[in-house]
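So this one's input_38.cif, mmCIF, C-alpha atoms:
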```
data_my_file
#
loop_
_atom_site.group_PDB
_atom_site.id
_atom_site.type_symbol
_atom_site.label_atom_id
_atom_site.label_comp_id
_atom_site.auth_asym_id
_atom_site.auth_seq_id
_atom_site.Cartn_x
_atom_site.Cartn_y
_atom_site.Cartn_z
ATOM 1 C CA MET A 298 -10.199 -102.131 -17.513
ATOM 2 C CA ALA A 299 -12.261 -99.749 -19.276
ATOM 3 C CA SER A 300 -14.351 -99.337 -16.240
ATOM 4 C CA SER A 301 -11.419 -98.703 -14.007
ATOM 5 C CA SER A 302 -10.092 -96.159 -16.396
ATOM 6 C CA GLY A 303 -13.533 -94.628 -16.612
ATOM 7 C CA ASN A 304 -13.740 -94.455 -12.873
ATOM 8 C CA SER A 305 -10.365 -92.932 -12.551
ATOM 9 C CA SER A 306 -11.075 -90.411 -15.255
ATOM 10 C CA GLY A 307 -14.383 -89.569 -13.592
ATOM 11 C CA SER A 308 -12.732 -89.085 -10.238
ATOM 12 C CA SER A 309 -9.979 -87.062 -11.812
ATOM 13 C CA LEU A 310 -12.635 -84.954 -13.509
ATOM 14 C CA ARG A 311 -14.266 -84.507 -10.178
ATOM 15 C CA GLN A 312 -10.926 -83.686 -8.674
ATOM 16 C CA ASN A 313 -10.270 -81.296 -11.556
ATOM 17 C CA ALA A 314 -13.738 -79.854 -11.147
ATOM 18 C CA GLY A 315 -13.279 -79.647 -7.381
ATOM 19 C CA SER A 316 -9.875 -78.103 -7.714
ATOM 20 C CA GLU A 317 -11.246 -75.680 -10.319
ATOM 21 C CA GLU A 318 -14.076 -74.795 -7.930
ATOM 22 C CA ASP A 319 -11.592 -74.483 -5.094
ATOM 23 C CA LEU A 320 -9.398 -72.378 -7.310
ATOM 24 C CA GLN A 321 -12.404 -70.294 -8.334
ATOM 25 C CA LEU A 322 -13.443 -69.907 -4.657
ATOM 26 C CA LEU A 323 -9.895 -69.017 -3.722
ATOM 27 C CA MET A 324 -9.771 -66.451 -6.537
ATOM 28 C CA ASP A 325 -13.166 -65.046 -5.526
ATOM 29 C CA GLN A 326 -12.052 -64.883 -1.912
ATOM 30 C CA ARG A 327 -8.822 -63.096 -2.899
ATOM 31 C CA LYS A 328 -10.813 -60.793 -5.149
ATOM 32 C CA ARG A 329 -13.232 -59.971 -2.313
ATOM 33 C CA LYS A 330 -10.358 -59.479 0.088
ATOM 34 C CA ARG A 331 -8.594 -57.183 -2.401
ATOM 35 C CA MET A 332 -11.841 -55.272 -3.005
ATOM 36 C CA GLN A 333 -12.352 -54.914 0.751
ATOM 37 C CA SER A 334 -8.765 -53.777 1.161
ATOM 38 C CA ASN A 335 -9.186 -51.305 -1.724
ATOM 39 C CA ARG A 336 -12.396 -49.974 -0.184
ATOM 40 C CA GLU A 337 -10.699 -49.533 3.166
ATOM 41 C CA SER A 338 -7.733 -47.840 1.500
ATOM 42 C CA ALA A 339 -10.078 -45.555 -0.484
ATOM 43 C CA ARG A 340 -11.965 -44.736 2.737
ATOM 44 C CA ARG A 341 -8.691 -43.835 4.519
ATOM 45 C CA SER A 342 -7.641 -41.791 1.483
ATOM 46 C CA ARG A 343 -10.964 -39.912 1.503
ATOM 47 C CA MET A 344 -10.565 -39.298 5.245
ATOM 48 C CA ARG A 345 -7.007 -37.956 4.761
ATOM 49 C CA LYS A 346 -8.217 -35.837 1.874
ATOM 50 C CA GLN A 347 -11.123 -34.482 3.988
ATOM 51 C CA LYS A 348 -8.782 -33.791 6.925
ATOM 52 C CA HIS A 349 -6.362 -31.991 4.592
ATOM 53 C CA LEU A 350 -9.259 -29.979 3.142
ATOM 54 C CA ASP A 351 -10.484 -29.113 6.653
ATOM 55 C CA ASP A 352 -6.958 -28.067 7.649
ATOM 56 C CA LEU A 353 -6.686 -25.887 4.546
ATOM 57 C CA MET A 354 -10.077 -24.287 5.245
ATOM 58 C CA SER A 355 -9.000 -23.612 8.828
ATOM 59 C CA GLN A 356 -5.754 -22.105 7.546
ATOM 60 C CA VAL A 357 -7.696 -19.917 5.074
ATOM 61 C CA THR A 358 -9.913 -18.673 7.909
ATOM 62 C CA GLN A 359 -6.882 -17.939 10.100
ATOM 63 C CA LEU A 360 -5.080 -16.143 7.266
ATOM 64 C CA ARG A 361 -8.172 -14.058 6.500
ATOM 65 C CA ASN A 362 -8.389 -13.060 10.166
ATOM 66 C CA ASP A 363 -4.690 -12.188 10.188
ATOM 67 C CA ASN A 364 -5.134 -10.227 6.972
ATOM 68 C CA ASN A 365 -8.052 -8.270 8.453
ATOM 69 C CA GLN A 366 -6.002 -7.469 11.567
ATOM 70 C CA ILE A 367 -3.099 -6.294 9.420
ATOM 71 C CA LEU A 368 -5.411 -4.141 7.284
ATOM 72 C CA THR A 369 -6.936 -2.641 10.430
ATOM 73 C CA GLY A 370 -3.440 -1.907 11.747
ATOM 74 C CA ILE A 371 -2.471 -0.311 8.432
ATOM 75 C CA ASN A 372 -5.607 1.844 8.451
ATOM 76 C CA ILE A 373 -4.932 2.987 12.029
ATOM 77 C CA THR A 374 -1.293 3.700 11.177
ATOM 78 C CA ASN A 375 -2.341 5.668 8.080
ATOM 79 C CA GLN A 376 -4.777 7.694 10.180
ATOM 80 C CA HIS A 377 -2.032 8.459 12.717
ATOM 81 C CA PHE A 378 0.280 9.410 9.855
ATOM 82 C CA MET A 379 -2.319 11.746 8.359
ATOM 83 C CA ASN A 380 -2.922 13.357 11.773
ATOM 84 C CA LEU A 381 0.802 13.839 12.340
ATOM 85 C CA GLU A 382 1.257 15.166 8.806
ATOM 86 C CA SER A 383 -1.538 17.689 9.405
ATOM 87 C CA GLU A 384 -0.049 18.706 12.758
ATOM 88 C CA ASN A 385 3.379 18.986 11.136
ATOM 89 C CA SER A 386 1.974 21.287 8.444
ATOM 90 C CA ILE A 387 0.396 23.493 11.113
ATOM 91 C CA LEU A 388 3.661 23.635 13.060
ATOM 92 C CA ARG A 389 5.592 24.516 9.885
ATOM 93 C CA ALA A 390 3.157 27.350 9.169
ATOM 94 C CA GLN A 391 3.515 28.587 12.764
ATOM 95 C CA LEU A 392 7.303 28.366 12.459
ATOM 96 C CA MET A 393 7.212 30.477 9.288
ATOM 97 C CA GLU A 394 4.938 33.056 10.958
ATOM 98 C CA LEU A 395 7.100 33.246 14.080
ATOM 99 C CA SER A 396 10.253 33.503 11.951
ATOM 100 C CA HIS A 397 8.735 36.460 10.068
ATOM 101 C CA ARG A 398 7.732 38.097 13.355
ATOM 102 C CA LEU A 399 11.211 37.605 14.789
ATOM 103 C CA GLU A 400 12.765 39.031 11.659
ATOM 104 C CA SER A 401 10.476 42.059 11.864
ATOM 105 C CA LEU A 402 11.238 42.582 15.558
ATOM 106 C CA ASN A 403 14.973 42.309 14.882
ATOM 107 C CA GLU A 404 14.651 44.949 12.161
ATOM 108 C CA ILE A 405 12.762 47.210 14.573
ATOM 109 C CA LEU A 406 15.418 46.684 17.286
ATOM 110 C CA ASN A 407 18.202 47.412 14.840
ATOM 111 C CA PHE A 408 16.429 50.587 13.760
ATOM 112 C CA ILE A 409 15.847 51.654 17.384
ATOM 113 C CA ASN A 410 19.415 50.847 18.385
ATOM 114 C CA ALA A 411 20.790 52.766 15.423
ATOM 115 C CA ASN A 412 18.630 55.780 16.281
ATOM 116 C CA ASN A 413 19.425 55.524 20.025
ATOM 117 C CA ALA A 414 23.127 55.516 19.327
ATOM 118 C CA THR A 415 22.752 58.689 17.300
ATOM 119 C CA PHE A 416 20.444 60.254 19.894
ATOM 120 C CA GLU A 417 22.720 59.273 22.812
ATOM 121 C CA ALA A 418 25.737 60.698 21.032
ATOM 122 C CA GLU A 419 23.868 63.948 20.456
ATOM 123 C CA ALA A 420 22.486 63.941 24.030
ATOM 124 C CA ASP A 421 25.947 63.349 25.487
ATOM 125 C CA LEU A 422 27.284 66.273 23.544
ATOM 126 C CA ASP A 423 24.389 68.495 24.632
ATOM 127 C CA LEU A 424 24.601 67.466 28.326
ATOM 128 C CA THR A 425 28.327 67.986 28.549
ATOM 129 C CA SER A 426 28.082 71.366 26.978
ATOM 130 C CA ILE A 427 25.141 72.331 29.215
ATOM 131 C CA ALA A 428 26.797 70.927 32.346
ATOM 132 C CA SER A 429 30.070 72.584 31.623
ATOM 133 C CA ASP A 430 28.370 75.868 30.866
ATOM 134 C CA SER A 431 26.117 75.830 33.927
ATOM 135 C CA LEU A 432 28.688 74.622 36.428
ATOM 136 C CA MET A 433 31.382 76.886 35.248
ATOM 137 C CA ASN A 434 29.175 79.923 35.112
ATOM 138 C CA PRO A 435 29.442 81.721 38.481
ATOM 139 C CA MET A 436 25.888 82.991 38.152
ATOM 140 C CA ASN A 437 24.520 79.438 38.168
ATOM 141 C CA LEU A 438 26.316 78.460 41.359
ATOM 142 C CA ILE A 439 23.599 80.186 43.348
ATOM 143 C CA TYR A 440 21.091 77.550 42.308
ATOM 144 C CA LEU A 441 23.297 74.729 43.503
ATOM 145 C CA ASN A 442 22.941 75.748 47.140
ATOM 146 C CA GLN A 443 19.167 76.052 47.109
ATOM 147 C CA PRO A 444 17.211 73.553 49.306
ATOM 148 C CA ILE A 445 14.770 71.159 47.679
ATOM 149 C CA MET A 446 11.239 71.710 48.824
ATOM 150 C CA ALA A 447 8.855 68.765 49.219
ATOM 151 C CA SER A 448 5.125 68.953 49.632
ATOM 152 C CA ALA A 449 2.549 66.401 50.883
ATOM 153 C CA ASP A 450 0.952 66.288 47.436
ATOM 154 C CA MET A 451 4.102 64.773 45.989
ATOM 155 C CA PHE A 452 3.828 61.557 47.986
ATOM 156 C CA GLN A 453 0.285 60.613 47.127
ATOM 157 C CA TYR A 454 0.025 57.484 45.123
#
```
Output the file's structure as structure tokens, nothing else.
Amino acid sequence: MASSSGNSSGSSLRQNAGSEEDLQLLMDQRKRKRMQSNRESARRSRMRKQKHLDDLMSQVTQLRNDNNQILTGINITNQHFMNLESENSILRAQLMELSHRLESLNEILNFINANNATFEAEADLDLTSIASDSLMNPMNLIYLNQPIMASADMFQY
């Protein structure tokens, strides 16, 4: 009996040892599989991270290009503004000068018109008195019937 129990305990030990080895192999296999899966997951994560980094670098490059184009546009617009501002200043100065000239010419015209009105009033009075005196004077009627003489020298241009 002792031998049968010894045999059974020895086979159960072997079974226990075999099942422990199987369990250990199964655990090692699961561990390796998990490690492989973790490595693959880490590799995919690194690839996503690298792709994201590449996308961000591409976006930075594009934004820098856009920024440079905008700055160039701003500089061109500022230059146009400065040119127009300069031209506007020149036109304002010309407007002031022409306004002063017009004002001066209007003053001169007003002065001339005021003097002409006085002169014309005086001339009208003088002409009417002369005309009335000369036409009404019987001695001056002789001159009214005199022919007008023309000479060839008069028509030379």
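Straight-line separation from CA of Lys346 in chain A to CA of Asp363 in chain A: 25.3 Å.
In this structure, CA of Ser355 in chain A sits 26.6 Å away from CA of Glu337 in chain A.
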Interatomic distance between CA of Asp325 in chain A and CA of Ala339 in chain A?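 Spanning CA of Asp325 in chain A to CA of Ala339 in chain A is a straight-line distance of 20.4 Å.
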